[in-house]
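Trainee: Input structure: upload_39.pdb, which contains PDB, C-alpha atoms, pLDDT in the B column.
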```pdb
MODEL        1
ATOM      1  CA  MET A   1      15.808  -1.671  10.158  1.00 77.00           C
ATOM      2  CA  ASN A   2      18.435  -0.816   7.551  1.00 87.00           C
ATOM      3  CA  LYS A   3      18.493   1.904   4.877  1.00 90.00           C
ATOM      4  CA  THR A   4      17.145  -0.415   2.174  1.00 89.00           C
ATOM      5  CA  ASP A   5      14.128  -1.309   4.286  1.00 89.00           C
ATOM      6  CA  GLN A   6      13.440   2.363   5.014  1.00 91.00           C
ATOM      7  CA  MET A   7      13.761   3.218   1.306  1.00 92.00           C
ATOM      8  CA  LEU A   8      11.344   0.437   0.349  1.00 92.00           C
ATOM      9  CA  LEU A   9       8.816   1.476   2.998  1.00 91.00           C
ATOM     10  CA  ASP A  10       9.038   5.072   1.713  1.00 91.00           C
ATOM     11  CA  ARG A  11       8.409   3.850  -1.835  1.00 92.00           C
ATOM     12  CA  VAL A  12       5.424   1.710  -0.863  1.00 92.00           C
ATOM     13  CA  ALA A  13       4.015   4.587   1.222  1.00 90.00           C
ATOM     14  CA  ARG A  14       3.752   6.632  -2.009  1.00 90.00           C
ATOM     15  CA  GLY A  15       1.761   3.883  -3.744  1.00 89.00           C
ATOM     16  CA  PRO A  16       1.474   0.103  -4.068  1.00 91.00           C
ATOM     17  CA  VAL A  17       4.287  -1.834  -5.740  1.00 93.00           C
ATOM     18  CA  SER A  18       3.457  -4.743  -8.048  1.00 93.00           C
ATOM     19  CA  PHE A  19       5.210  -7.523  -9.948  1.00 92.00           C
ATOM     20  CA  THR A  20       3.565  -9.424 -12.811  1.00 90.00           C
ATOM     21  CA  HIS A  21       4.796 -12.927 -13.574  1.00 86.00           C
ATOM     22  CA  GLY A  22       3.833 -14.784 -16.745  1.00 85.00           C
ATOM     23  CA  VAL A  23       4.472 -18.239 -18.161  1.00 81.00           C
ATOM     24  CA  ASP A  24       7.410 -18.564 -20.543  1.00 78.00           C
ATOM     25  CA  VAL A  25       7.024 -19.890 -24.085  1.00 75.00           C
ATOM     26  CA  ARG A  26       7.525 -23.538 -23.136  1.00 76.00           C
ATOM     27  CA  GLY A  27       5.082 -23.242 -20.240  1.00 68.00           C
ATOM     28  CA  ARG A  28       7.378 -24.828 -17.693  1.00 74.00           C
ATOM     29  CA  HIS A  29       8.560 -21.806 -15.728  1.00 78.00           C
ATOM     30  CA  THR A  30       7.441 -18.287 -14.954  1.00 80.00           C
ATOM     31  CA  LYS A  31       9.228 -15.071 -15.825  1.00 85.00           C
ATOM     32  CA  LEU A  32       8.836 -11.483 -14.737  1.00 86.00           C
ATOM     33  CA  VAL A  33       6.751  -9.579 -17.283  1.00 86.00           C
ATOM     34  CA  ARG A  34       6.234  -6.174 -15.599  1.00 89.00           C
ATOM     35  CA  SER A  35       7.207  -4.502 -12.355  1.00 90.00           C
ATOM     36  CA  THR A  36       6.841  -1.049 -10.839  1.00 91.00           C
ATOM     37  CA  ILE A  37      10.186  -1.264  -9.017  1.00 90.00           C
ATOM     38  CA  SER A  38      13.484  -3.074  -9.581  1.00 90.00           C
ATOM     39  CA  PRO A  39      12.933  -6.861  -9.662  1.00 89.00           C
ATOM     40  CA  SER A  40      15.862  -7.405  -7.296  1.00 90.00           C
ATOM     41  CA  GLN A  41      13.822  -5.745  -4.516  1.00 91.00           C
ATOM     42  CA  GLN A  42      11.071  -8.374  -4.521  1.00 90.00           C
ATOM     43  CA  LYS A  43      12.762 -10.606  -1.948  1.00 92.00           C
ATOM     44  CA  HIS A  44      13.247  -7.614   0.382  1.00 93.00           C
ATOM     45  CA  LEU A  45       9.587  -6.648  -0.024  1.00 93.00           C
ATOM     46  CA  HIS A  46       8.543 -10.217   0.767  1.00 93.00           C
ATOM     47  CA  ARG A  47      10.706 -10.164   3.912  1.00 93.00           C
ATOM     48  CA  LEU A  48       9.031  -6.915   5.023  1.00 93.00           C
ATOM     49  CA  ALA A  49       5.651  -8.543   4.382  1.00 94.00           C
ATOM     50  CA  VAL A  50       6.615 -11.475   6.602  1.00 94.00           C
ATOM     51  CA  MET A  51       7.618  -8.958   9.309  1.00 93.00           C
ATOM     52  CA  GLY A  52       4.109  -7.447   9.053  1.00 93.00           C
ATOM     53  CA  LEU A  53       5.153  -4.034   7.722  1.00 93.00           C
ATOM     54  CA  LEU A  54       3.661  -4.659   4.259  1.00 94.00           C
ATOM     55  CA  SER A  55       0.712  -6.616   2.944  1.00 94.00           C
ATOM     56  CA  GLU A  56       1.280  -9.059   0.098  1.00 94.00           C
ATOM     57  CA  LYS A  57      -1.631  -9.728  -2.253  1.00 93.00           C
ATOM     58  CA  VAL A  58      -1.352 -12.423  -4.930  1.00 89.00           C
ATOM     59  CA  GLU A  59      -3.907 -12.442  -7.739  1.00 86.00           C
ATOM     60  CA  GLY A  60      -4.177 -15.496  -9.965  1.00 80.00           C
ATOM     61  CA  CYS A  61      -4.298 -16.178 -13.658  1.00 72.00           C
ATOM     62  CA  GLY A  62      -6.500 -14.297 -16.072  1.00 60.00           C
ATOM     63  CA  GLY A  63      -9.752 -15.620 -17.449  1.00 60.00           C
ATOM     64  CA  HIS A  64     -10.440 -17.544 -20.641  1.00 65.00           C
ATOM     65  CA  GLY A  65      -8.491 -16.157 -23.577  1.00 62.00           C
ATOM     66  CA  SER A  66      -6.211 -13.917 -21.539  1.00 64.00           C
ATOM     67  CA  PRO A  67      -2.557 -14.737 -20.889  1.00 68.00           C
ATOM     68  CA  PRO A  68      -1.927 -16.632 -17.650  1.00 77.00           C
ATOM     69  CA  GLU A  69      -0.318 -14.090 -15.343  1.00 84.00           C
ATOM     70  CA  THR A  70       0.109 -13.755 -11.601  1.00 87.00           C
ATOM     71  CA  VAL A  71       0.291 -10.304 -10.007  1.00 89.00           C
ATOM     72  CA  VAL A  72       1.926  -9.800  -6.606  1.00 91.00           C
ATOM     73  CA  THR A  73       1.102  -6.425  -5.014  1.00 94.00           C
ATOM     74  CA  TYR A  74       2.670  -4.959  -1.870  1.00 95.00           C
ATOM     75  CA  ALA A  75       0.983  -2.204   0.177  1.00 94.00           C
ATOM     76  CA  LEU A  76       1.735  -0.550   3.507  1.00 91.00           C
ATOM     77  CA  THR A  77       0.011  -1.927   6.629  1.00 91.00           C
ATOM     78  CA  ALA A  78      -0.880  -0.095   9.840  1.00 89.00           C
ATOM     79  CA  MET A  79       2.296  -1.438  11.439  1.00 90.00           C
ATOM     80  CA  GLY A  80       4.305  -0.128   8.480  1.00 89.00           C
ATOM     81  CA  ARG A  81       2.672   3.304   8.797  1.00 89.00           C
ATOM     82  CA  ALA A  82       3.561   3.344  12.499  1.00 88.00           C
ATOM     83  CA  GLU A  83       7.164   2.414  11.666  1.00 86.00           C
ATOM     84  CA  GLN A  84       7.322   5.318   9.196  1.00 85.00           C
ATOM     85  CA  GLY A  85       5.594   7.726  11.561  1.00 86.00           C
ATOM     86  CA  ILE A  86       2.658   8.167   9.171  1.00 84.00           C
ATOM     87  CA  ARG A  87      -0.774   8.573  10.710  1.00 80.00           C
ATOM     88  CA  ALA A  88      -3.787   7.169   8.922  1.00 70.00           C
ATOM     89  CA  PRO A  89      -5.960   9.910   7.466  1.00 71.00           C
ATOM     90  CA  THR A  90      -9.015  10.636   9.569  1.00 76.00           C
ATOM     91  CA  PRO A  91     -12.260  11.229   7.726  1.00 78.00           C
ATOM     92  CA  VAL A  92     -13.697  14.720   7.849  1.00 74.00           C
ATOM     93  CA  PRO A  93     -17.099  14.845   9.553  1.00 71.00           C
ATOM     94  CA  HIS A  94     -19.723  15.063   6.860  1.00 75.00           C
ATOM     95  CA  ASN A  95     -23.209  16.562   7.306  1.00 74.00           C
ATOM     96  CA  ARG A  96     -22.901  16.768  11.074  1.00 74.00           C
ATOM     97  CA  TRP A  97     -23.944  19.732  13.121  1.00 78.00           C
ATOM     98  CA  THR A  98     -21.450  20.675  15.789  1.00 80.00           C
ATOM     99  CA  PRO A  99     -22.644  22.697  18.753  1.00 82.00           C
ATOM    100  CA  PRO A 100     -21.174  26.199  19.015  1.00 84.00           C
ATOM    101  CA  THR A 101     -18.280  26.709  21.381  1.00 88.00           C
ATOM    102  CA  ASP A 102     -18.456  28.918  24.465  1.00 90.00           C
ATOM    103  CA  ALA A 103     -16.525  31.657  22.661  1.00 90.00           C
ATOM    104  CA  GLU A 104     -18.979  31.629  19.758  1.00 88.00           C
ATOM    105  CA  LEU A 105     -21.945  31.810  22.168  1.00 88.00           C
ATOM    106  CA  GLU A 106     -20.393  34.794  23.967  1.00 88.00           C
ATOM    107  CA  VAL A 107     -19.902  36.636  20.671  1.00 87.00           C
ATOM    108  CA  GLU A 108     -23.535  36.030  19.716  1.00 84.00           C
ATOM    109  CA  GLY A 109     -24.708  37.229  23.138  1.00 79.00           C
ATOM    110  CA  ILE A 110     -22.804  40.524  22.842  1.00 73.00           C
ATOM    111  CA  GLU A 111     -24.230  41.428  19.455  1.00 61.00           C
TER     112      GLU A 111
ENDMDL
END
```
Take the structure in this file and express it as structure tokens.
Mentor:
Amino acid sequence: MNKTDQMLLDRVARGPVSFTHGVDVRGRHTKLVRSTISPSQQKHLHRLAVMGLLSEKVEGCGGHGSPPETVVTYALTAMGRAEQGIRAPTPVPHNRWTPPTDAELEVEGIE
């Protein structure tokens, strides 16, 4: 894992990265319309997705009347979080009664 890969994993850990491709005027090729990171990094992100460290989600063209665009979004996977040393957030127990500990029972017994 080189410095570029680590930098890209850090960036994706902060939030998903996306690239939007649209059809050019002649309709023969696609061109990059919008991106949240430098377009030159897309091939590195794709390589990390193939390695399993990122997920790659491709959404198709818009509906009737909207411009035909394809959005490619990269997000961190569980394997990528493990590589970065990030633990997945655990949900806080909600509306659950926990039994009192021994120390709490002793304090109640003294009073």
Trainee: For the file shown, report as a VMD selection string the outcome of the PyMOL selection byres ((chain A and resi 73-88) around 9) at residue level.
Mentor: chain A and resid 6 9 to 10 12 to 13 15 to 20 45 to 46 48 to 49 52 to 59 71 to 72 89 to 90
Trainee: Taking the file above as input, evaluate the PyMOL selection byres ((chain A and resi 37) around 10) and report the hits as a PyMOL selection string.
Mentor: chain A and resi 8+11-12+17-19+34-36+38-42
Trainee: Could you tell me how far CA of Pro68 (chain A) lies from CA of Arg28 (chain A), in Å and to one decimal?
Mentor: 12.4 Å
Trainee: Work out how far CA of Arg14 (chain A) is from CA of Glu69 (chain A), in Å to one decimal.
Mentor: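 These two atoms are separated by 25.0 Å.
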Trainee: Could you jot down the CA of Thr30 (chain A) to CA of Thr4 (chain A) separation for me, Å, one decimal place?
Mentor: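 Going from CA of Thr30 (chain A) over to CA of Thr4 (chain A) covers 26.6 Å.
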Trainee: Here is a test: counting all atoms listed in the file, which residue of A:Gly22, A:Glu106, A:His44, A:Val92 is nearest to Met7 (chain A)?
Mentor: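 For Met7 (chain A), the nearest of the candidates is A:His44.
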Trainee: Can you tell me, as lines of an AutoDock Vina configuration file, the centre and edge lengths (Å, one decimal) of the axis-aligned box enclosing all of region 83-98 of chain A's listed atoms after padding each side by 4 Å?
Mentor:
```
center_x = -8.3
center_y = 11.5
center_z = 11.3
size_x = 39.3
size_y = 26.3
size_z = 16.9
```
